[in-house]
Each structure stands twice: as C-alpha cells, then as structure tokens.
$ cat my_file-v5.cif   # mmCIF, C-alpha atoms
data_input
loop_
_atom_site.label_atom_id
_atom_site.label_comp_id
_atom_site.auth_asym_id
_atom_site.auth_seq_id
_atom_site.Cartn_x
_atom_site.Cartn_y
_atom_site.Cartn_z
CA MET A 1361 -5.27 15.10 -12.12
CA ALA A 1362 -2.82 17.41 -10.36
CA ASP A 1363 -5.69 18.79 -8.25
CA GLU A 1364 -7.25 15.47 -7.23
CA VAL A 1365 -3.98 13.56 -6.68
CA ARG A 1366 -0.92 15.41 -5.42
CA TYR A 1367 2.56 14.03 -6.07
CA ALA A 1368 5.94 14.88 -4.58
CA VAL A 1369 9.30 13.14 -4.24
CA GLU A 1370 11.06 13.60 -0.91
CA ASP A 1371 14.23 11.84 0.29
CA GLY A 1372 13.77 8.81 -1.93
CA ALA A 1373 10.03 8.50 -1.37
CA ALA A 1374 7.19 9.37 -3.74
CA TRP A 1375 4.30 10.82 -1.75
CA ILE A 1376 0.92 10.31 -3.42
CA THR A 1377 -1.93 12.19 -1.74
CA ILE A 1378 -5.61 11.81 -2.58
CA ASN A 1379 -6.76 15.42 -2.50
CA ARG A 1380 -10.54 15.56 -2.17
CA PRO A 1381 -10.91 16.28 1.56
CA GLU A 1382 -14.31 17.94 1.00
CA ALA A 1383 -15.56 14.54 -0.30
CA ARG A 1384 -13.62 12.47 2.23
CA ASN A 1385 -11.16 11.66 -0.56
CA ALA A 1386 -13.72 9.53 -2.40
CA LEU A 1387 -12.56 7.74 -5.52
CA ASN A 1388 -14.12 9.55 -8.45
CA ALA A 1389 -12.87 9.02 -12.02
CA ALA A 1390 -10.23 11.74 -11.77
CA VAL A 1391 -8.77 10.25 -8.59
CA ARG A 1392 -8.70 6.75 -10.04
CA ARG A 1393 -6.89 7.95 -13.17
CA GLY A 1394 -4.51 10.02 -11.09
CA LEU A 1395 -3.62 7.16 -8.75
CA LYS A 1396 -2.80 4.84 -11.61
CA ALA A 1397 -0.61 7.44 -13.34
CA ARG A 1398 1.21 8.41 -10.15
CA PHE A 1399 1.81 4.83 -9.02
CA GLU A 1400 3.33 4.02 -12.40
CA GLU A 1401 5.41 7.21 -12.41
CA ALA A 1402 6.81 6.48 -8.96
CA ASP A 1403 7.68 2.87 -9.77
CA ALA A 1404 9.55 3.95 -12.91
CA ASP A 1405 11.51 6.76 -11.22
CA PRO A 1406 15.06 5.64 -10.28
CA ALA A 1407 15.14 8.36 -7.61
CA VAL A 1408 12.26 6.70 -5.75
CA SER A 1409 12.81 3.76 -3.38
CA VAL A 1410 9.46 3.74 -1.56
CA ILE A 1411 5.94 4.84 -2.48
CA VAL A 1412 3.72 6.45 0.16
CA LEU A 1413 -0.06 6.79 -0.21
CA THR A 1414 -2.11 9.04 2.07
CA GLY A 1415 -5.16 11.28 2.07
CA ALA A 1416 -5.55 15.03 2.43
CA GLY A 1417 -7.07 16.43 5.61
CA ASP A 1418 -7.62 14.66 8.91
CA ARG A 1419 -11.09 13.13 8.46
CA ALA A 1420 -10.53 10.42 5.89
CA PHE A 1421 -7.80 8.45 4.20
CA CYS A 1422 -10.36 7.47 1.57
CA ALA A 1423 -14.10 6.93 1.98
CA GLY A 1424 -14.21 4.55 -0.98
CA GLY A 1425 -16.08 4.87 -4.24
CA ASP A 1426 -17.90 8.08 -5.09
CA LEU A 1427 -21.50 6.92 -4.59
CA LYS A 1428 -22.95 9.98 -6.33
CA GLU A 1429 -20.86 9.20 -9.40
CA MET A 1430 -21.87 5.53 -9.22
CA ALA A 1431 -25.54 6.51 -9.08
CA SER A 1432 -25.23 8.86 -12.03
CA THR A 1433 -23.42 6.28 -14.18
CA GLN A 1434 -25.54 3.35 -12.92
CA LEU A 1435 -22.38 1.34 -12.36
CA THR A 1436 -23.00 -2.41 -12.32
CA VAL A 1437 -19.99 -4.76 -12.21
CA PRO A 1438 -16.78 -2.71 -12.01
CA PRO A 1439 -13.77 -4.16 -13.85
CA PRO A 1440 -10.83 -5.30 -11.70
CA ASP A 1441 -8.90 -2.14 -12.63
CA PHE A 1442 -11.77 0.20 -11.74
CA VAL A 1443 -9.66 1.21 -8.74
CA PRO A 1444 -5.90 0.74 -9.27
CA GLN A 1445 -4.89 -2.25 -7.15
CA PRO A 1446 -1.16 -2.56 -6.41
CA GLY A 1447 -0.25 -6.21 -6.55
CA ARG A 1448 -3.19 -7.10 -8.76
CA THR A 1449 -3.85 -4.67 -11.61
CA LEU A 1450 -0.64 -2.70 -11.01
CA LYS A 1451 2.66 -4.55 -10.71
CA LEU A 1452 4.81 -2.33 -8.51
CA ALA A 1453 8.30 -3.55 -7.66
CA LYS A 1454 8.85 -0.94 -4.94
CA PRO A 1455 7.24 -1.17 -1.50
CA VAL A 1456 4.06 0.83 -0.93
CA VAL A 1457 3.36 2.33 2.50
CA ALA A 1458 -0.16 3.51 3.33
CA ALA A 1459 -0.26 6.35 5.85
CA VAL A 1460 -3.88 6.07 6.95
CA ASN A 1461 -4.89 9.42 8.40
CA GLY A 1462 -8.62 8.75 8.88
CA GLY A 1463 -11.41 6.52 7.68
CA ALA A 1464 -10.50 3.82 5.14
CA TYR A 1465 -13.82 2.51 3.91
CA GLY A 1466 -14.68 0.40 0.84
CA GLY A 1467 -12.22 1.39 -1.86
CA GLY A 1468 -10.14 3.09 0.83
CA PHE A 1469 -9.88 -0.25 2.62
CA LEU A 1470 -8.89 -1.76 -0.73
CA LEU A 1471 -6.01 0.71 -1.08
CA ALA A 1472 -4.80 0.12 2.48
CA GLN A 1473 -5.09 -3.65 2.02
CA SER A 1474 -3.12 -3.40 -1.24
CA ALA A 1475 -0.24 -1.55 0.42
CA ASP A 1476 2.76 -3.54 1.64
CA LEU A 1477 2.97 -1.73 4.98
CA VAL A 1478 0.39 0.35 6.86
CA ILE A 1479 0.85 3.04 9.48
CA ALA A 1480 -2.40 4.34 10.96
CA ALA A 1481 -3.34 7.35 13.01
CA GLU A 1482 -5.06 6.47 16.30
CA GLU A 1483 -8.34 7.88 15.04
CA ALA A 1484 -8.30 5.90 11.77
CA LYS A 1485 -11.02 3.34 11.11
CA PHE A 1486 -11.23 0.52 8.58
CA ALA A 1487 -14.32 -1.01 7.01
CA VAL A 1488 -15.43 -3.07 4.05
CA SER A 1489 -18.77 -1.29 3.98
CA GLU A 1490 -20.13 -2.76 0.74
CA ALA A 1491 -22.73 -4.93 2.49
CA LYS A 1492 -24.36 -1.74 3.79
CA VAL A 1493 -24.86 -0.28 0.30
CA GLY A 1494 -25.58 -3.45 -1.66
CA ARG A 1495 -22.25 -3.52 -3.47
CA GLY A 1496 -19.56 -6.20 -3.76
CA SER A 1497 -15.97 -6.61 -2.66
CA PRO A 1498 -14.17 -9.23 -4.81
CA TRP A 1499 -11.02 -7.17 -4.26
CA ALA A 1500 -11.11 -8.31 -0.60
CA ALA A 1501 -10.12 -11.85 -1.61
CA PRO A 1502 -6.64 -11.45 0.01
CA LEU A 1503 -8.17 -10.42 3.35
CA PRO A 1504 -8.30 -13.97 4.84
CA TRP A 1505 -4.58 -14.22 4.05
CA LEU A 1506 -3.84 -10.96 5.87
CA VAL A 1507 -6.01 -11.59 8.94
CA PRO A 1508 -7.62 -14.70 10.51
CA PRO A 1509 -10.49 -15.99 8.34
CA ARG A 1510 -13.15 -15.51 11.01
CA VAL A 1511 -12.05 -11.93 11.51
CA ALA A 1512 -12.21 -11.40 7.76
CA MET A 1513 -15.70 -12.91 7.74
CA GLU A 1514 -16.91 -10.52 10.43
CA ILE A 1515 -15.46 -7.49 8.64
CA LEU A 1516 -17.14 -8.51 5.39
CA VAL A 1517 -20.60 -9.56 6.57
CA THR A 1518 -21.19 -6.81 9.13
CA GLY A 1519 -19.71 -3.88 7.24
CA GLU A 1520 -18.91 -2.36 10.62
CA PRO A 1521 -15.70 -0.35 11.02
CA ILE A 1522 -12.85 -1.50 13.21
CA SER A 1523 -10.51 0.84 15.07
CA ALA A 1524 -6.87 1.37 14.23
CA ARG A 1525 -5.95 -0.43 17.45
CA ARG A 1526 -8.06 -3.45 16.50
CA ALA A 1527 -6.55 -3.40 12.99
CA TYR A 1528 -3.11 -3.53 14.62
CA GLU A 1529 -4.14 -6.42 16.88
CA ILE A 1530 -5.26 -8.56 13.93
CA GLY A 1531 -2.19 -7.75 11.82
CA LEU A 1532 -3.83 -5.49 9.25
CA VAL A 1533 -1.74 -2.52 10.40
CA ASN A 1534 1.97 -2.38 11.25
CA ARG A 1535 1.95 0.63 13.58
CA VAL A 1536 -0.54 2.96 15.24
CA VAL A 1537 0.58 6.46 16.20
CA PRO A 1538 -1.07 9.72 17.32
CA GLY A 1539 -2.48 11.57 14.35
CA ALA A 1540 -0.06 14.46 14.79
CA GLU A 1541 2.85 12.02 14.49
CA LEU A 1542 1.63 10.08 11.45
CA LEU A 1543 3.71 11.79 8.78
CA ASP A 1544 6.88 11.81 10.89
CA ALA A 1545 6.43 8.12 11.73
CA THR A 1546 5.94 7.38 8.04
CA ARG A 1547 9.06 9.32 7.12
CA GLU A 1548 11.04 7.36 9.73
CA LEU A 1549 9.88 4.04 8.30
CA VAL A 1550 10.53 5.21 4.74
CA ALA A 1551 14.07 6.29 5.68
CA ARG A 1552 14.82 2.85 7.13
CA ILE A 1553 13.65 1.16 3.92
CA ALA A 1554 15.34 3.64 1.58
CA ALA A 1555 18.69 3.15 3.33
CA ASN A 1556 18.74 -0.51 2.33
CA ALA A 1557 19.87 -2.11 -0.92
CA PRO A 1558 17.05 -1.52 -3.45
CA LEU A 1559 17.33 -4.92 -5.11
CA SER A 1560 17.16 -6.69 -1.74
CA VAL A 1561 14.08 -4.68 -0.73
CA ARG A 1562 12.28 -5.43 -3.99
CA ALA A 1563 13.15 -9.13 -3.84
CA ALA A 1564 11.87 -9.32 -0.26
CA LYS A 1565 8.55 -7.83 -1.36
CA GLU A 1566 8.31 -10.21 -4.31
CA MET A 1567 9.08 -13.23 -2.15
CA VAL A 1568 6.43 -12.46 0.48
CA TYR A 1569 3.68 -12.52 -2.13
CA ALA A 1570 5.13 -15.30 -4.27
CA VAL A 1571 5.44 -17.84 -1.48
CA ALA A 1572 1.81 -17.29 -0.48
CA GLU A 1573 0.86 -19.14 -3.66
CA HIS A 1574 3.02 -22.22 -2.99
CA GLY A 1575 3.48 -25.02 -0.50
CA ARG A 1576 6.55 -25.08 1.75
CA SER A 1577 8.97 -26.97 -0.56
CA ASP A 1578 7.96 -25.05 -3.67
CA ALA A 1579 8.21 -21.80 -1.73
CA PHE A 1580 11.91 -22.41 -1.09
CA GLU A 1581 12.51 -23.01 -4.80
CA VAL A 1582 10.63 -19.84 -5.75
CA ALA A 1583 12.58 -17.84 -3.17
CA GLU A 1584 15.90 -19.13 -4.51
CA ARG A 1585 14.96 -17.94 -8.01
CA ILE A 1586 13.91 -14.53 -6.73
CA TRP A 1587 17.08 -13.95 -4.73
CA GLU A 1588 19.68 -15.30 -7.17
CA PRO A 1589 19.90 -12.03 -9.22
CA VAL A 1590 20.37 -10.13 -5.96
CA TYR A 1591 23.33 -12.30 -4.96
CA LEU A 1592 24.85 -11.77 -8.42
CA SER A 1593 24.42 -7.98 -8.38
CA GLU A 1594 27.05 -5.29 -7.91
CA ASP A 1595 25.28 -4.21 -4.73
CA ALA A 1596 25.87 -7.66 -3.20
CA GLN A 1597 29.61 -6.95 -3.40
CA GLU A 1598 29.27 -3.31 -2.38
CA GLY A 1599 27.57 -4.11 0.95
CA PRO A 1600 30.35 -6.27 2.44
CA ARG A 1601 33.01 -3.97 0.93
CA ALA A 1602 31.46 -0.91 2.54
CA PHE A 1603 31.27 -2.72 5.88
CA ALA A 1604 34.95 -3.68 5.68
CA GLU A 1605 35.90 -0.12 4.75
CA LYS A 1606 33.71 1.33 7.54
CA ARG A 1607 31.63 3.57 5.27
CA ALA A 1608 28.04 3.85 4.10
CA PRO A 1609 27.28 1.67 1.06
CA GLN A 1610 26.64 3.34 -2.28
CA TRP A 1611 23.79 1.37 -3.78
CA ARG A 1612 23.40 1.29 -7.57
CA ALA A 1613 20.38 -1.03 -7.83
CA ARG A 1614 22.30 -3.30 -10.19
#
$ encode --input "my_file-v5.cif" --output "structure tokens"
Amino acid sequence: MADEVRYAVEDGAAWITINRPEARNALNAAVRRGLKARFEEADADPAVSVIVLTGAGDRAFCAGGDLKEMASTQLTVPPPDFVPQPGRTLKLAKPVVAAVNGGAYGGGFLLAQSADLVIAAEEAKFAVSEAKVGRGSPWAAPLPWLVPPRVAMEILVTGEPISARRAYEIGLVNRVVPGAELLDATRELVARIAANAPLSVRAAKEMVYAVAEHGRSDAFEVAERIWEPVYLSEDAQEGPRAFAEKRAPQWRAR
C-alpha cells in the first residue's frame, strides 16, 4: 500500500498521492485499498485539517479503473465501495481538495467529483469515459447537482473529455493554474482553510451537502442544527477574544 498510495502530513494537510504513474495512476486493488485506509487515517488524525488528493507524475491524476484487472477478474457490477467515495461510502468530516495534475477519467473523475474543492492544472482533462468501454457510472449521480443537467448529459453520453478551462466554466473546478504552479496553489488554498476554526469548516462542509437534500424552509432548520454545536464550542468564544486581544486565535476544535 505504501508503494501505490503515498501519504504525508504537511502543515495541517494530509497529502494522499496515487503512485502508479506508469499506469496513469489507474485504480487497481492495491490503490483502492490504500485510498480507503489513507482517507480514514487522515480524517481521524487531529493534526490534519484538510485532506489533499493528487496523482504522481504529470500525465494523469487518475485514468480510472484498471481495465486489465477488470478483464482478468471479469468484473460485472461493482459494489458502491469498489472505489472509495468520499461523501458516499466514506464519511469524511474534513474538507477534501483534489489537485488534478492530468487526466481524470472514469474512476479518476469520480474521485475529483467526490472532492469538496478542485484545483486543476491547465493541461488536465475530465471525462466520464464509461460509455466508450461499455461500463456504467452510477457514481455520477451527483453530477447534475454540480453542473447544469444538459452539460452533465453531454459528459455522460459522449464520453468525450472536457478541458480544465471548460470544467472551470461549468463549475466543476474551483481554480485552473499552470501545471508548474499546481502544488503551490493547492498549498495556498490549504493554508487558508487550515487557518480557520476547524469546527466551523467542518460544519460548513456538512451544511452544503445536507441542504441539497431539502427544500428551502427545511434547509434552514437543518443548518441551524448543524451550526448550534459550533456556536456552543470553546472556539466560538476564542475567536472574538483573540480579535479583541489582537492576536491569532488558538483553535482547539472543541
């Protein structure tokens, strides 16, 4: 697992790197097991505020499922947790940032879609390519929520890749930067998140997804329930106190 999925903690961020550049970081069994273990490790680590997912090399973020492995195992209907899906099969309280360094196809698109924020290199491309290989993409169900439905339809039925710039235009990607600047831009975003109160960050993430399942009035009620423990926390008193005392807040996540 250590070979196929690298893991490092840096300045409050857990960096998870798919490390199969010779196979365009395809998702074989070892990578899938490694991702699940590393996601869970990062979410449980009190020293980690943000989780970053990227791919090794400069050709691919992740090319999707390992088709050679699928052929050898004669895979039919994969279970929902075949590829770890943050927000579906993995409940991660901390924000996940995808640093997309190259192609994100199939299962790679899944991982980028499952992230909370996405920064893409200019040369990155995104595709739900399953229609081209006769496979399925039930994991793409959230796509019409992330982008306009007709755009989602085109992505799904053509299987054709879209550029990083187009992904930014439709709201699938937060930022597009030159490839050489991708890691620095990711570190800058991570630092901005990590400087904030952890409970507030986690509640914000929870609210965004929770309200998507409710109408307007119910959404307000759900949001109130999510934020109440934050208001009652020690950090909610520390923030104003630090401001009054003209110092940086010392967050305790409680």
$ resolve_selection --input "my_file-v5.cif" --expression "the PyMOL selection byres ((chain A and resi 1613) around 8)" --output "PyMOL selection string"
chain A and resi 1557-1559+1594-1595+1611-1612+1614
$ write_last_selection --input "my_file-v5.cif" --atoms "C-alpha atoms" --output "short mmCIF file (atom, residue, chain, number, x, y, z; two decimals), in the frame of the given file"
data_model
loop_
_atom_site.label_atom_id
_atom_site.label_comp_id
_atom_site.auth_asym_id
_atom_site.auth_seq_id
_atom_site.Cartn_x
_atom_site.Cartn_y
_atom_site.Cartn_z
CA ALA A 1557 19.87 -2.11 -0.92
CA PRO A 1558 17.05 -1.52 -3.45
CA LEU A 1559 17.33 -4.92 -5.11
CA GLU A 1594 27.05 -5.29 -7.91
CA ASP A 1595 25.28 -4.21 -4.73
CA TRP A 1611 23.79 1.37 -3.78
CA ARG A 1612 23.40 1.29 -7.57
CA ARG A 1614 22.30 -3.30 -10.19
#
$ atom_distance --input "my_file-v5.cif" --atom1 "CA of Glu1541 (chain A)" --atom2 "CA of Arg1398 (chain A)"
25.0 Å
$ residues_near_point --input "my_file-v5.cif" --point "(-17.9, -1.5, 4.8)" --cutoff "8 Å" --atoms "all atoms listed in the file" --output "number ranges by chain"
A: 1465-1466, 1486-1492, 1515-1516, 1518-1521
$ atom_distance --input "my_file-v5.cif" --atom1 "CA of Trp1505 (chain A)" --atom2 "CA of Ala1527 (chain A)"
14.2 Å
$ atom_distance --input "my_file-v5.cif" --atom1 "CA of Val1537 (chain A)" --atom2 "CA of Ala1458 (chain A)"
13.2 Å
$ closest_residue --input "my_file-v5.cif" --among "A:Val1369, A:Ala1501, A:Ala1390, A:Ile1522" --to "Ala1402 (chain A)" --atoms "only C-alpha atoms"
A:Val1369
$ residues_around --input "my_file-v5.cif" --residues "Ala1374 (chain A)" --least-positions-apart "4" --cutoff "8 Å" --atoms "all atoms listed in the file" --output "PyMOL selection string"
chain A and resi 1367-1370+1402+1408-1412
$ resolve_selection --input "my_file-v5.cif" --expression "the PyMOL selection byres ((chain A and resi 1392) around 10)" --output "PyMOL selection string"
chain A and resi 1361+1364-1365+1378+1386-1391+1393-1397+1425+1441-1444
$ resolve_selection --input "my_file-v5.cif" --expression "the PyMOL selection byres ((chain A and resi 1455) around 9)" --output "PyMOL selection string"
chain A and resi 1409-1412+1452-1454+1456-1457+1475-1477+1553+1561-1562+1565
$ decode --input "my_file-v5.cif" --residues "region 1501-1614 of chain A" --atoms "C-alpha atoms" --output "mmCIF file, in the first residue's frame"
data_model
loop_
_atom_site.group_PDB
_atom_site.id
_atom_site.type_symbol
_atom_site.label_atom_id
_atom_site.label_comp_id
_atom_site.auth_asym_id
_atom_site.auth_seq_id
_atom_site.Cartn_x
_atom_site.Cartn_y
_atom_site.Cartn_z
ATOM 1 C CA ALA A 1501 -25.494 10.628 -9.880
ATOM 2 C CA PRO A 1502 -24.379 13.893 -8.151
ATOM 3 C CA LEU A 1503 -23.083 15.346 -11.432
ATOM 4 C CA PRO A 1504 -26.354 17.131 -12.407
ATOM 5 C CA TRP A 1505 -26.202 18.821 -8.986
ATOM 6 C CA LEU A 1506 -22.636 20.009 -9.580
ATOM 7 C CA VAL A 1507 -23.100 21.202 -13.177
ATOM 8 C CA PRO A 1508 -26.134 22.064 -15.359
ATOM 9 C CA PRO A 1509 -28.113 18.925 -16.255
ATOM 10 C CA ARG A 1510 -27.610 19.287 -20.004
ATOM 11 C CA VAL A 1511 -23.877 19.609 -19.507
ATOM 12 C CA ALA A 1512 -23.938 16.513 -17.319
ATOM 13 C CA MET A 1513 -25.901 14.693 -20.027
ATOM 14 C CA GLU A 1514 -23.323 15.557 -22.678
ATOM 15 C CA ILE A 1515 -20.429 14.440 -20.486
ATOM 16 C CA LEU A 1516 -22.136 11.120 -19.776
ATOM 17 C CA VAL A 1517 -23.467 10.159 -23.204
ATOM 18 C CA THR A 1518 -20.467 11.225 -25.304
ATOM 19 C CA GLY A 1519 -17.680 10.067 -23.013
ATOM 20 C CA GLU A 1520 -15.576 12.852 -24.501
ATOM 21 C CA PRO A 1521 -13.111 14.691 -22.260
ATOM 22 C CA ILE A 1522 -13.517 18.332 -21.357
ATOM 23 C CA SER A 1523 -10.630 20.701 -20.700
ATOM 24 C CA ALA A 1524 -9.736 22.149 -17.328
ATOM 25 C CA ARG A 1525 -10.892 25.553 -18.566
ATOM 26 C CA ARG A 1526 -14.285 24.152 -19.589
ATOM 27 C CA ALA A 1527 -14.545 22.344 -16.232
ATOM 28 C CA TYR A 1528 -13.958 25.703 -14.538
ATOM 29 C CA GLU A 1529 -16.597 27.408 -16.696
ATOM 30 C CA ILE A 1530 -19.283 24.886 -15.723
ATOM 31 C CA GLY A 1531 -18.387 24.953 -12.016
ATOM 32 C CA LEU A 1532 -16.777 21.517 -11.748
ATOM 33 C CA VAL A 1533 -13.409 23.072 -10.867
ATOM 34 C CA ASN A 1534 -12.640 25.938 -8.481
ATOM 35 C CA ARG A 1535 -9.351 27.114 -9.982
ATOM 36 C CA VAL A 1536 -7.157 26.420 -13.010
ATOM 37 C CA VAL A 1537 -3.435 27.129 -12.778
ATOM 38 C CA PRO A 1538 -0.307 26.342 -14.820
ATOM 39 C CA GLY A 1539 0.877 22.820 -14.113
ATOM 40 C CA ALA A 1540 4.095 24.037 -12.532
ATOM 41 C CA GLU A 1541 2.062 26.058 -10.022
ATOM 42 C CA LEU A 1542 -0.457 23.367 -9.074
ATOM 43 C CA LEU A 1543 1.103 22.218 -5.811
ATOM 44 C CA ASP A 1544 1.873 25.752 -4.630
ATOM 45 C CA ALA A 1545 -1.678 26.875 -5.438
ATOM 46 C CA THR A 1546 -3.019 23.879 -3.536
ATOM 47 C CA ARG A 1547 -0.821 24.659 -0.540
ATOM 48 C CA GLU A 1548 -2.086 28.266 -0.569
ATOM 49 C CA LEU A 1549 -5.713 27.126 -0.543
ATOM 50 C CA VAL A 1550 -4.999 24.540 2.150
ATOM 51 C CA ALA A 1551 -3.318 27.177 4.331
ATOM 52 C CA ARG A 1552 -6.373 29.440 4.083
ATOM 53 C CA ILE A 1553 -8.660 26.606 5.175
ATOM 54 C CA ALA A 1554 -6.350 25.313 7.909
ATOM 55 C CA ALA A 1555 -6.109 28.787 9.472
ATOM 56 C CA ASN A 1556 -9.840 28.783 10.182
ATOM 57 C CA ALA A 1557 -11.737 27.280 13.109
ATOM 58 C CA PRO A 1558 -11.917 23.513 12.446
ATOM 59 C CA LEU A 1559 -15.462 23.084 13.744
ATOM 60 C CA SER A 1560 -16.718 25.938 11.559
ATOM 61 C CA VAL A 1561 -15.016 24.456 8.484
ATOM 62 C CA ARG A 1562 -16.482 21.003 9.098
ATOM 63 C CA ALA A 1563 -19.962 22.388 9.745
ATOM 64 C CA ALA A 1564 -19.790 24.419 6.531
ATOM 65 C CA LYS A 1565 -18.957 21.268 4.578
ATOM 66 C CA GLU A 1566 -21.756 19.332 6.250
ATOM 67 C CA MET A 1567 -24.291 22.073 5.561
ATOM 68 C CA VAL A 1568 -23.508 22.347 1.848
ATOM 69 C CA TYR A 1569 -24.324 18.689 1.296
ATOM 70 C CA ALA A 1570 -27.176 18.469 3.802
ATOM 71 C CA VAL A 1571 -29.204 21.328 2.363
ATOM 72 C CA ALA A 1572 -29.010 19.794 -1.118
ATOM 73 C CA GLU A 1573 -31.428 17.141 0.133
ATOM 74 C CA HIS A 1574 -34.043 19.584 1.463
ATOM 75 C CA GLY A 1575 -36.355 22.350 0.334
ATOM 76 C CA ARG A 1576 -35.656 25.946 1.360
ATOM 77 C CA SER A 1577 -37.518 26.007 4.713
ATOM 78 C CA ASP A 1578 -36.243 22.604 5.811
ATOM 79 C CA ALA A 1579 -32.739 23.605 4.762
ATOM 80 C CA PHE A 1580 -32.727 26.446 7.278
ATOM 81 C CA GLU A 1581 -33.785 24.065 10.053
ATOM 82 C CA VAL A 1582 -31.088 21.561 9.119
ATOM 83 C CA ALA A 1583 -28.478 24.322 9.016
ATOM 84 C CA GLU A 1584 -29.477 25.551 12.473
ATOM 85 C CA ARG A 1585 -28.962 22.044 13.889
ATOM 86 C CA ILE A 1586 -25.575 21.713 12.212
ATOM 87 C CA TRP A 1587 -24.281 25.053 13.456
ATOM 88 C CA GLU A 1588 -25.604 25.002 17.034
ATOM 89 C CA PRO A 1589 -22.682 22.897 18.422
ATOM 90 C CA VAL A 1590 -20.267 25.312 16.746
ATOM 91 C CA TYR A 1591 -21.842 28.312 18.486
ATOM 92 C CA LEU A 1592 -21.625 26.442 21.810
ATOM 93 C CA SER A 1593 -17.973 25.452 21.384
ATOM 94 C CA GLU A 1594 -14.907 26.857 23.125
ATOM 95 C CA ASP A 1595 -13.620 28.023 19.747
ATOM 96 C CA ALA A 1596 -16.684 30.256 19.319
ATOM 97 C CA GLN A 1597 -15.511 32.216 22.368
ATOM 98 C CA GLU A 1598 -11.841 32.062 21.412
ATOM 99 C CA GLY A 1599 -12.360 33.770 18.040
ATOM 100 C CA PRO A 1600 -13.868 37.034 19.329
ATOM 101 C CA ARG A 1601 -11.480 37.007 22.321
ATOM 102 C CA ALA A 1602 -8.449 36.695 20.053
ATOM 103 C CA PHE A 1603 -9.755 39.526 17.875
ATOM 104 C CA ALA A 1604 -10.221 41.782 20.901
ATOM 105 C CA GLU A 1605 -6.739 40.920 22.171
ATOM 106 C CA LYS A 1606 -5.202 41.458 18.693
ATOM 107 C CA ARG A 1607 -3.639 38.001 18.432
ATOM 108 C CA ALA A 1608 -4.032 34.878 16.327
ATOM 109 C CA PRO A 1609 -6.723 32.511 17.645
ATOM 110 C CA GLN A 1610 -5.670 29.207 19.178
ATOM 111 C CA TRP A 1611 -8.215 26.730 17.899
ATOM 112 C CA ARG A 1612 -8.913 23.589 19.932
ATOM 113 C CA ALA A 1613 -11.640 22.038 17.767
ATOM 114 C CA ARG A 1614 -13.945 21.827 20.766
#
